[in-house]
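Enquirer: Pasting in a structure now, in structure tokens, and then I'll have a few things to ask.
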Amino acid sequence: VEASIPEPQRAAWSRNQIQSFTDKDGFEKEVVRHVETTLARSMFNCDESAAYSATSLAFRDRLIKDWNKTQQRQTYRDTKRVYYLSLEFLMGRALDNAMLNVGLKDAAKGGLADLGFRIEDIIGQEHDAALGNGGLGRLAACFLDSLASLNYPAWGYGLRYRYGIFKQEIIDGYQVEVPDYWLDFNPWEFPRHDVTVDIQFFGHVSKTTKDDGKTAAIWEGGEIVQAVAYDVPIPGYDTPTTNNLRLWSSKASGGEFDFQKFNNGDYESSVAEQQRAETISAVLYPNDNLERGKELRLKQQYFWVAASLYDIVRRFKKSKRGWNEFADQVAIQLNDTHPTLAIVELQRILLDIEGLEWDVAWDIVTKTFGYTNHTVLPEALEKWPVGLVQYLLPRHLQIIYDINLYFLQTVEKAFPKDRDMLTRVSIIEESQPKMVRMAHLAIVGSHKVNGVAELHSDLIKTTIFKDFVEVYGPDKFTNVTNGITPRRWLHQANPRLSELIASKCGGNGFLKDLTQLNRLEAHAKDAAFRREWAEIKYANKVRLAKHIKNVTGVTVNPAALFDVQVKRIHEYKRQQLNIFGVIHRYLTLKGMSVEERKKQLPRVSVFGGKAAPGYWMAKQIIHLINAVGSVINKDEEIGDLLKVIFLEDYNVSKAEMICPASDLSEHISTAGTEASGTSNMKFVLNGGLIIGTCDGANIEITREIGESNIFLFGNLAEDVEDLRHAHNYGSHSIDSDLEKVFGTIESGTFGTPHDFSAMIAAVRHHGDYYLVSDDFHSYMETHRLVDESYRNQDEWVSKCITSVARMGFFSSDRCINEYADGIWNVEPLVVQE
Ligand code: C3B
């Protein structure tokens, strides 16, 4: 029961509220207060770690006040809210972002300097919040920033993993995984021990007859695990709106122990039960674009979805509105199929608990949900064995069967003679064992399905979801091209460039309306401006070079062309193509006379990225990159002309240092495989050019910035099928330059050839599924063009400036506005203060 507080009392409280700090002196006072009270230390032994903690707590206090007001305002106005359900939120660091978004970084910088600290060192103390694998999780984080910055009433819902994505160490050239325990001290979360939900698993379903004679299902028995909420405030940029990210943590429902067992002397099993419950939110599955059908993963999904829906429904019910208004008040976006059980869970709540009729309930469900597809790769599409769903969630399986039955009935009416159609679109795959196809369930249970870049959205309509376009018509399917937040990826990552841009764009307005970057275009040919621009790029490269020296011991020349490929290691992303290209470049240099060599352009090839622990081929690729680096980097004949660096443990905070330092970045997936890509956007926005295939968002980037500002190569998506077919059934001859590369590897130049034989065999003998050989020649030719182009620095820098000027489209703000208009039908809640 909530206390009801008389209005005069409320008013008095808000007048007397402690005021947030607004300047350097106020900030310093808060830091000292936190050091001396919250941390119980003295200023005399305040080290960087304590200074980080106190600074964070000072900013956290500010955020929480804004957070409270935002939540009150949203509750009071009772407008429609968006709920973004994502199993991954790859947030990175929070402090720098909080300081910039509330506009007090300079105050903090001055205050920390007074106390004897450099702000960069304090920011560097923070452990990344790495609750995600790659693009999908980082997209969710950019979306939260945009939702808050644009004042949308929105919540994120996810899992509070005790271990985020593993830390990667490179030992003797091999990836070694180390657990990422990140919760030692996390000032950015608020445990809500009063916000808990009991989540049921297993058990059985029985039927009862209700007063009105109708039967209802009852799900009983099984076990209960408790979900506890942890809230993370999400500050908008230059607005008081502070939204909430709610992460669920699992706990045994009987409190600390099962006391009965404990008192009976069965101490071990009572502790074991507690541990079993806590296992649910213990660890993030480290696969990117791969689903492996593990029982614990399904448990995670239901646990998170059920807790979130309970919370959403509870909030809706407080408004005392009728169920017919639910979809007017609530929009839920499914980030990939991972939260698809939410569709079934809402139908169960409306049917079994709230007593609505099936059709009425189902109409509400489909109006509430939207589904975003992020991949067409078959190995990433989720399917769960029917038997496993039956065992874990018996009532949900019944509902899934009913959803499928009604769906197939409508399909049958529309396509009376087409049995194959029914088999193809069915939510249940009639295989051995039978499987639940989560993407089909997500489509059937949502009112909109979107892809994440134009090509990708076309591909889902013509390949994996083609039949559904026939069933529902094309309007159910739409495209929302991904975007990135310019706050983190320009303003925070590259402060000097951001400042230079602001000086030509009439201030910082471009950070909220990225299309204002077009004002830069007029300056692309201005020599003085180009010089300043180039100088900032050089400084960013010097910083990266220092980092490279620190962590690898290799000295790289900041004047060399920095060629960067950082992303998860995956055969479809083709880091193997890149490293084969590097070897080819090495062989070419080795074949030159000393005189000829002197004319060549020095290059640094930088790689970074994690391989899923069970992805053997990806690990082999990492090993080859390191093996090649250790030979080339020591070759005195080559010297600065070529260096190959593998940066270990690529993550969000490292990306913030790497993106601003690249001249050229590689986005070279086999055409049709990378749904969008988002690092392509980050690199261009930071004044680097890209080499890439006609894939994902590269295509739209080209359209925006112009063909002359991007280095495209390779086969087109429409030709991939035929080429693969030809490899398998026709003759498949390998590119002759690539054969030379293979020969060099096989001669033992980079260590035991056997270590790399599977990578070579994949191209030579196993059909070259990713078209490495087909694209090799055009890839190398395009790199030659890059070198040529880089020699003319004035023109190169002009291209960079022009490209940045034309990147306005790729803000996640534009993207979120498209979701809000086209899918969610929500409005911002404008703040008057
Ligand atoms: C990724 C895709 O691989 C990227 O092309 C895309 O830009 C992002 O999602 C965001 O849309 N993705 C991922 O990181 N993990 C998956 N399981 C599926 C797609």
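Going through the structure tokens in order, the chains are called A, B, and so on, while each chain numbers its residues from 1 and the ligands are numbered from 1 in the order shown.
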Please give me, as a CSV table (one decimal) with N, CA, C and O atoms, in the first residue's frame, the residues lying within 7 Å of ligand 1 when counting only C-alpha atoms and all ligand atoms.
Expert:
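Below you can see part.csv, which holds the result:
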```
chain,number,residue,atom,x,y,z
A,133,ASN,N,27.2,-9.3,-27.3
A,133,ASN,CA,28.2,-9.9,-28.1
A,133,ASN,C,28.8,-9.0,-29.1
A,133,ASN,O,30.0,-9.0,-29.4
A,134,GLY,N,27.9,-8.2,-29.8
A,134,GLY,CA,28.4,-7.4,-30.9
A,134,GLY,C,27.3,-6.5,-31.4
A,134,GLY,O,26.7,-5.8,-30.5
A,135,GLY,N,27.1,-6.4,-32.7
A,135,GLY,CA,26.2,-5.4,-33.3
A,135,GLY,C,24.8,-5.3,-32.7
A,135,GLY,O,24.3,-4.2,-32.4
A,136,LEU,N,24.2,-6.5,-32.4
A,136,LEU,CA,22.8,-6.5,-31.9
A,136,LEU,C,22.7,-5.8,-30.5
A,136,LEU,O,21.8,-5.0,-30.3
A,137,GLY,N,23.7,-6.1,-29.7
A,137,GLY,CA,23.7,-5.6,-28.3
A,137,GLY,C,24.1,-4.1,-28.3
A,137,GLY,O,23.5,-3.3,-27.5
A,139,LEU,N,23.5,-2.0,-30.8
A,139,LEU,CA,22.4,-1.3,-31.4
A,139,LEU,C,21.4,-1.0,-30.3
A,139,LEU,O,20.9,0.1,-30.2
A,288,ASP,N,27.8,-15.0,-31.4
A,288,ASP,CA,27.3,-14.0,-32.2
A,288,ASP,C,26.8,-14.6,-33.5
A,288,ASP,O,27.5,-15.3,-34.1
A,289,ASN,N,25.5,-14.3,-33.9
A,289,ASN,CA,25.0,-14.9,-35.1
A,289,ASN,C,25.1,-16.5,-35.1
A,289,ASN,O,25.4,-17.1,-36.1
A,290,LEU,N,24.8,-17.1,-33.9
A,290,LEU,CA,24.7,-18.5,-33.8
A,290,LEU,C,23.8,-18.9,-32.6
A,290,LEU,O,24.0,-18.4,-31.6
A,374,HIS,N,17.5,-9.6,-37.4
A,374,HIS,CA,18.8,-9.0,-37.6
A,374,HIS,C,19.7,-9.9,-38.4
A,374,HIS,O,20.9,-9.6,-38.5
A,375,THR,N,19.2,-11.0,-39.0
A,375,THR,CA,20.1,-11.9,-39.7
A,375,THR,C,19.4,-12.8,-40.6
A,375,THR,O,18.3,-13.2,-40.3
A,380,ALA,N,21.8,-18.9,-37.4
A,380,ALA,CA,21.4,-18.0,-36.3
A,380,ALA,C,19.9,-18.0,-36.1
A,380,ALA,O,19.5,-17.4,-35.1
A,452,VAL,N,17.0,-4.5,-41.0
A,452,VAL,CA,17.8,-3.4,-40.4
A,452,VAL,C,18.6,-2.6,-41.5
A,452,VAL,O,19.4,-1.8,-41.1
A,482,ASN,N,19.5,0.7,-39.7
A,482,ASN,CA,20.2,1.0,-38.4
A,482,ASN,C,20.9,2.3,-38.3
A,482,ASN,O,21.1,3.0,-39.3
A,674,GLU,N,25.8,-9.8,-44.2
A,674,GLU,CA,25.8,-8.9,-43.1
A,674,GLU,C,24.5,-8.0,-43.2
A,674,GLU,O,24.4,-7.2,-44.1
A,675,ALA,N,23.7,-8.2,-42.2
A,675,ALA,CA,22.3,-7.6,-42.3
A,675,ALA,C,22.5,-6.1,-42.5
A,675,ALA,O,21.9,-5.5,-43.4
A,676,SER,N,23.3,-5.5,-41.6
A,676,SER,CA,23.5,-4.0,-41.8
A,676,SER,C,25.0,-3.7,-41.5
A,676,SER,O,25.6,-3.1,-42.4
A,677,GLY,N,25.4,-4.0,-40.3
A,677,GLY,CA,26.7,-3.5,-39.9
A,677,GLY,C,26.4,-2.1,-39.3
A,677,GLY,O,25.6,-1.4,-39.8
A,678,THR,N,27.1,-1.8,-38.2
A,678,THR,CA,27.0,-0.5,-37.7
A,678,THR,C,28.4,0.2,-37.5
A,678,THR,O,28.5,1.4,-37.4
A,696,GLY,N,24.6,-5.0,-46.8
A,696,GLY,CA,24.1,-4.3,-45.6
A,696,GLY,C,24.0,-2.8,-45.8
A,696,GLY,O,23.7,-2.3,-46.9
```
Enquirer: Can you tell me which residues surround A:Ser249 at a distance of at most 8 Å, considering only C-alpha atoms, apart from same-chain residues fewer than 2 positions away, and format the answer as a list of chain:residue names?
Expert: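 Contacts, in chain order: A:Leu159, A:Arg160, A:Tyr161, A:Ala227, A:Val228, A:Ala229, A:Tyr230, A:Leu247, A:Lys251, A:Glu278, A:Ser281.
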Enquirer: May I have the residues from that selection written out with C-alpha atoms, as a JSON list (two decimals), in the first residue's frame?
Expert:
```json
[["chain", "number", "residue", "atom", "x", "y", "z"],
["A", 159, "LEU", "CA", 19.12, -9.73, -18.02],
["A", 160, "ARG", "CA", 21.66, -8.76, -15.38],
["A", 161, "TYR", "CA", 24.38, -11.28, -16.24],
["A", 227, "ALA", "CA", 13.43, -12.33, -10.52],
["A", 228, "VAL", "CA", 14.87, -9.25, -8.81],
["A", 229, "ALA", "CA", 14.97, -5.91, -10.65],
["A", 230, "TYR", "CA", 18.13, -3.83, -11.02],
["A", 247, "LEU", "CA", 17.79, -5.83, -15.75],
["A", 251, "LYS", "CA", 17.50, -15.83, -7.09],
["A", 278, "GLU", "CA", 21.26, -18.05, -9.63],
["A", 281, "SER", "CA", 21.28, -14.99, -14.95]]
```
Enquirer: List the neighbours of stretch 46-58 of chain A out to 10 Å using only C-alpha atoms; skip same-chain residues closer than 3 positions along the sequence, and give me the result as a PyMOL selection string.
Expert: chain A and resi 20-21+26-39+41-43+61-63+94-96+98-99+108+111-112+115-119+121-126+185-188
Enquirer: Could you write out, as a PyMOL selection string, all the residues of stretch 178-285 of chain A that DSSP marks as strand (DSSP E or B)?
Expert: chain A and resi 178+181+190-201+204-209+215-220+223-235+242-252+283
Enquirer: Would you write out those residues with N, CA and C atoms, as a compact mmCIF listing (two decimals), in the first residue's frame?
Expert:
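Result file is again.txt:
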```
# COMPACT_ATOMS: atom_id res chain seq x y z
N VAL A 178 38.76 -15.46 -20.60
CA VAL A 178 38.82 -15.23 -19.16
C VAL A 178 37.46 -14.67 -18.73
N TYR A 181 34.01 -10.83 -14.70
CA TYR A 181 33.22 -10.51 -13.53
C TYR A 181 33.25 -9.01 -13.35
N PHE A 190 20.80 0.24 -9.54
CA PHE A 190 20.06 0.32 -8.28
C PHE A 190 19.32 -0.99 -8.07
N PRO A 191 19.73 -1.76 -7.08
CA PRO A 191 18.96 -2.97 -6.79
C PRO A 191 17.58 -2.58 -6.27
N ARG A 192 16.56 -3.23 -6.77
CA ARG A 192 15.19 -2.95 -6.29
C ARG A 192 14.70 -4.22 -5.61
N HIS A 193 15.14 -4.43 -4.38
CA HIS A 193 14.78 -5.69 -3.73
C HIS A 193 13.28 -5.79 -3.48
N ASP A 194 12.59 -4.65 -3.63
CA ASP A 194 11.14 -4.68 -3.47
C ASP A 194 10.42 -4.99 -4.79
N VAL A 195 11.15 -4.96 -5.89
CA VAL A 195 10.51 -5.30 -7.18
C VAL A 195 10.96 -6.71 -7.57
N THR A 196 10.13 -7.67 -7.22
CA THR A 196 10.48 -9.07 -7.52
C THR A 196 9.29 -9.74 -8.19
N VAL A 197 9.58 -10.76 -8.96
CA VAL A 197 8.52 -11.51 -9.63
C VAL A 197 8.85 -13.00 -9.49
N ASP A 198 7.86 -13.79 -9.16
CA ASP A 198 8.06 -15.23 -9.11
C ASP A 198 7.87 -15.82 -10.49
N ILE A 199 8.85 -16.57 -10.95
CA ILE A 199 8.78 -17.15 -12.29
C ILE A 199 8.70 -18.67 -12.17
N GLN A 200 7.71 -19.23 -12.86
CA GLN A 200 7.45 -20.66 -12.76
C GLN A 200 8.07 -21.42 -13.92
N PHE A 201 8.62 -22.60 -13.62
CA PHE A 201 9.11 -23.50 -14.67
C PHE A 201 8.57 -24.91 -14.43
N HIS A 204 2.78 -29.00 -14.65
CA HIS A 204 1.83 -29.61 -15.58
C HIS A 204 0.60 -28.72 -15.71
N VAL A 205 -0.24 -29.05 -16.67
CA VAL A 205 -1.43 -28.23 -16.92
C VAL A 205 -2.67 -29.07 -16.63
N SER A 206 -3.59 -28.51 -15.88
CA SER A 206 -4.87 -29.20 -15.71
C SER A 206 -5.99 -28.26 -16.12
N LYS A 207 -7.18 -28.80 -16.21
CA LYS A 207 -8.32 -27.98 -16.64
C LYS A 207 -9.30 -27.82 -15.49
N THR A 208 -9.92 -26.65 -15.42
CA THR A 208 -10.99 -26.51 -14.43
C THR A 208 -12.19 -25.92 -15.14
N THR A 209 -13.33 -26.07 -14.53
CA THR A 209 -14.54 -25.48 -15.08
C THR A 209 -14.85 -24.23 -14.26
N THR A 215 -14.25 -23.89 -19.69
CA THR A 215 -13.07 -24.49 -19.07
C THR A 215 -11.88 -23.54 -19.17
N ALA A 216 -10.99 -23.65 -18.20
CA ALA A 216 -9.78 -22.82 -18.21
C ALA A 216 -8.59 -23.69 -17.85
N ALA A 217 -7.46 -23.32 -18.34
CA ALA A 217 -6.24 -24.09 -18.06
C ALA A 217 -5.58 -23.57 -16.79
N ILE A 218 -5.04 -24.48 -16.02
CA ILE A 218 -4.27 -24.07 -14.84
C ILE A 218 -2.89 -24.71 -14.93
N TRP A 219 -1.90 -23.90 -14.80
CA TRP A 219 -0.51 -24.39 -14.83
C TRP A 219 -0.05 -24.50 -13.38
N GLU A 220 0.25 -25.73 -12.97
CA GLU A 220 0.59 -25.93 -11.55
C GLU A 220 1.88 -26.71 -11.41
N GLU A 223 8.72 -25.57 -10.39
CA GLU A 223 9.52 -24.81 -9.43
C GLU A 223 9.42 -23.32 -9.69
N ILE A 224 9.72 -22.57 -8.66
CA ILE A 224 9.66 -21.11 -8.75
C ILE A 224 11.06 -20.54 -8.58
N VAL A 225 11.39 -19.60 -9.45
CA VAL A 225 12.64 -18.84 -9.30
C VAL A 225 12.24 -17.38 -9.20
N GLN A 226 12.96 -16.64 -8.37
CA GLN A 226 12.59 -15.25 -8.20
C GLN A 226 13.43 -14.33 -9.10
N ALA A 227 12.74 -13.36 -9.73
CA ALA A 227 13.43 -12.33 -10.52
C ALA A 227 13.49 -11.06 -9.68
N VAL A 228 14.69 -10.50 -9.55
CA VAL A 228 14.87 -9.25 -8.81
C VAL A 228 15.30 -8.16 -9.79
N ALA A 229 14.67 -6.99 -9.70
CA ALA A 229 14.97 -5.91 -10.65
C ALA A 229 16.20 -5.11 -10.23
N TYR A 230 17.02 -4.78 -11.20
CA TYR A 230 18.13 -3.83 -11.02
C TYR A 230 17.94 -2.74 -12.07
N ASP A 231 17.89 -1.49 -11.63
CA ASP A 231 17.60 -0.40 -12.57
C ASP A 231 18.85 0.39 -12.90
N VAL A 232 19.01 0.69 -14.18
CA VAL A 232 20.14 1.48 -14.65
C VAL A 232 19.58 2.75 -15.29
N PRO A 233 19.93 3.93 -14.76
CA PRO A 233 19.40 5.16 -15.36
C PRO A 233 20.07 5.46 -16.70
N ILE A 234 19.25 5.88 -17.66
CA ILE A 234 19.74 6.18 -19.02
C ILE A 234 19.49 7.66 -19.31
N PRO A 235 20.54 8.49 -19.19
CA PRO A 235 20.33 9.92 -19.39
C PRO A 235 20.26 10.28 -20.86
N THR A 242 15.42 11.05 -18.26
CA THR A 242 16.30 9.95 -17.87
C THR A 242 15.45 8.69 -17.80
N ASN A 243 15.64 7.82 -18.77
CA ASN A 243 14.82 6.61 -18.86
C ASN A 243 15.40 5.48 -18.02
N ASN A 244 14.74 4.34 -18.06
CA ASN A 244 15.17 3.23 -17.23
C ASN A 244 15.49 2.00 -18.05
N LEU A 245 16.61 1.39 -17.69
CA LEU A 245 16.92 0.06 -18.22
C LEU A 245 16.77 -0.89 -17.03
N ARG A 246 15.83 -1.80 -17.11
CA ARG A 246 15.60 -2.73 -15.99
C ARG A 246 16.19 -4.09 -16.34
N LEU A 247 17.13 -4.53 -15.53
CA LEU A 247 17.79 -5.83 -15.75
C LEU A 247 17.38 -6.77 -14.63
N TRP A 248 17.03 -8.00 -14.99
CA TRP A 248 16.56 -8.97 -14.00
C TRP A 248 17.68 -9.91 -13.57
N SER A 249 17.71 -10.15 -12.28
CA SER A 249 18.68 -11.08 -11.73
C SER A 249 17.91 -12.23 -11.08
N SER A 250 18.43 -13.44 -11.16
CA SER A 250 17.67 -14.58 -10.64
C SER A 250 18.15 -14.98 -9.25
N LYS A 251 17.23 -15.52 -8.49
CA LYS A 251 17.50 -15.83 -7.09
C LYS A 251 16.56 -16.96 -6.67
N ALA A 252 16.98 -17.79 -5.74
CA ALA A 252 16.09 -18.84 -5.26
C ALA A 252 14.90 -18.19 -4.57
N VAL A 283 25.42 -16.00 -16.76
CA VAL A 283 26.37 -15.73 -17.85
C VAL A 283 25.70 -15.48 -19.19
```
Enquirer: Within 6 Å of stretch 605-608 of chain A, counting only C-alpha atoms, which residues show up once you throw out same-chain ones fewer than 5 positions away? Write them as a ChimeraX atom specification, please.
Expert: /A:563-566,644-647,650
Enquirer: Can you work out which one of A:Asp328, A:Glu571, A:Asp336, A:Glu704 has the shortest atom-to-atom distance to A:Leu771, counting only C-alpha atoms?
Expert: A:Glu571
Enquirer: Please list as a list of chain:residue names every residue within 7 Å of stretch 304-306 of chain A, counting only C-alpha atoms and excluding residues in the same chain fewer than 4 positions away.
Expert: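 Neighbouring residues, sequence-local ones excluded: A:Gly158, A:Leu159, A:Ile199, A:Trp248, A:Gln300, A:Tyr310, A:Pro339, A:Leu341, A:Ala342, A:Glu345.
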Enquirer: Compile the contact shell of A:Phe742 as an NGL selection string: residues with an atom at most 10 Å away, counting only C-alpha atoms, same-chain residues fewer than 6 positions apart removed.
Expert: :A and (580 or 583-584 or 736 or 753 or 756-757 or 759-761 or 764)
Enquirer: Separation of atom CA of A:Ala559 and atom CA of A:Pro495, in Å?
Expert: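 The value is 21.1 Å.
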Enquirer: Please report, as number ranges by chain, each residue of stretch 563-807 of chain A to which DSSP assigns helix (DSSP H, G or I) when run on this structure's backbone.
Expert: A: 571-573, 575-590, 594-598, 616-632, 639-641, 652-661, 679-685, 698-705, 707-709, 717-729, 736-746, 753-764, 772-791, 793-805
Enquirer: Residues at most 12 Å from A:Tyr729, counting only C-alpha atoms, excluding those fewer than 4 positions away in the same chain, as number ranges by chain?
Expert: A: 722-725, 766-767
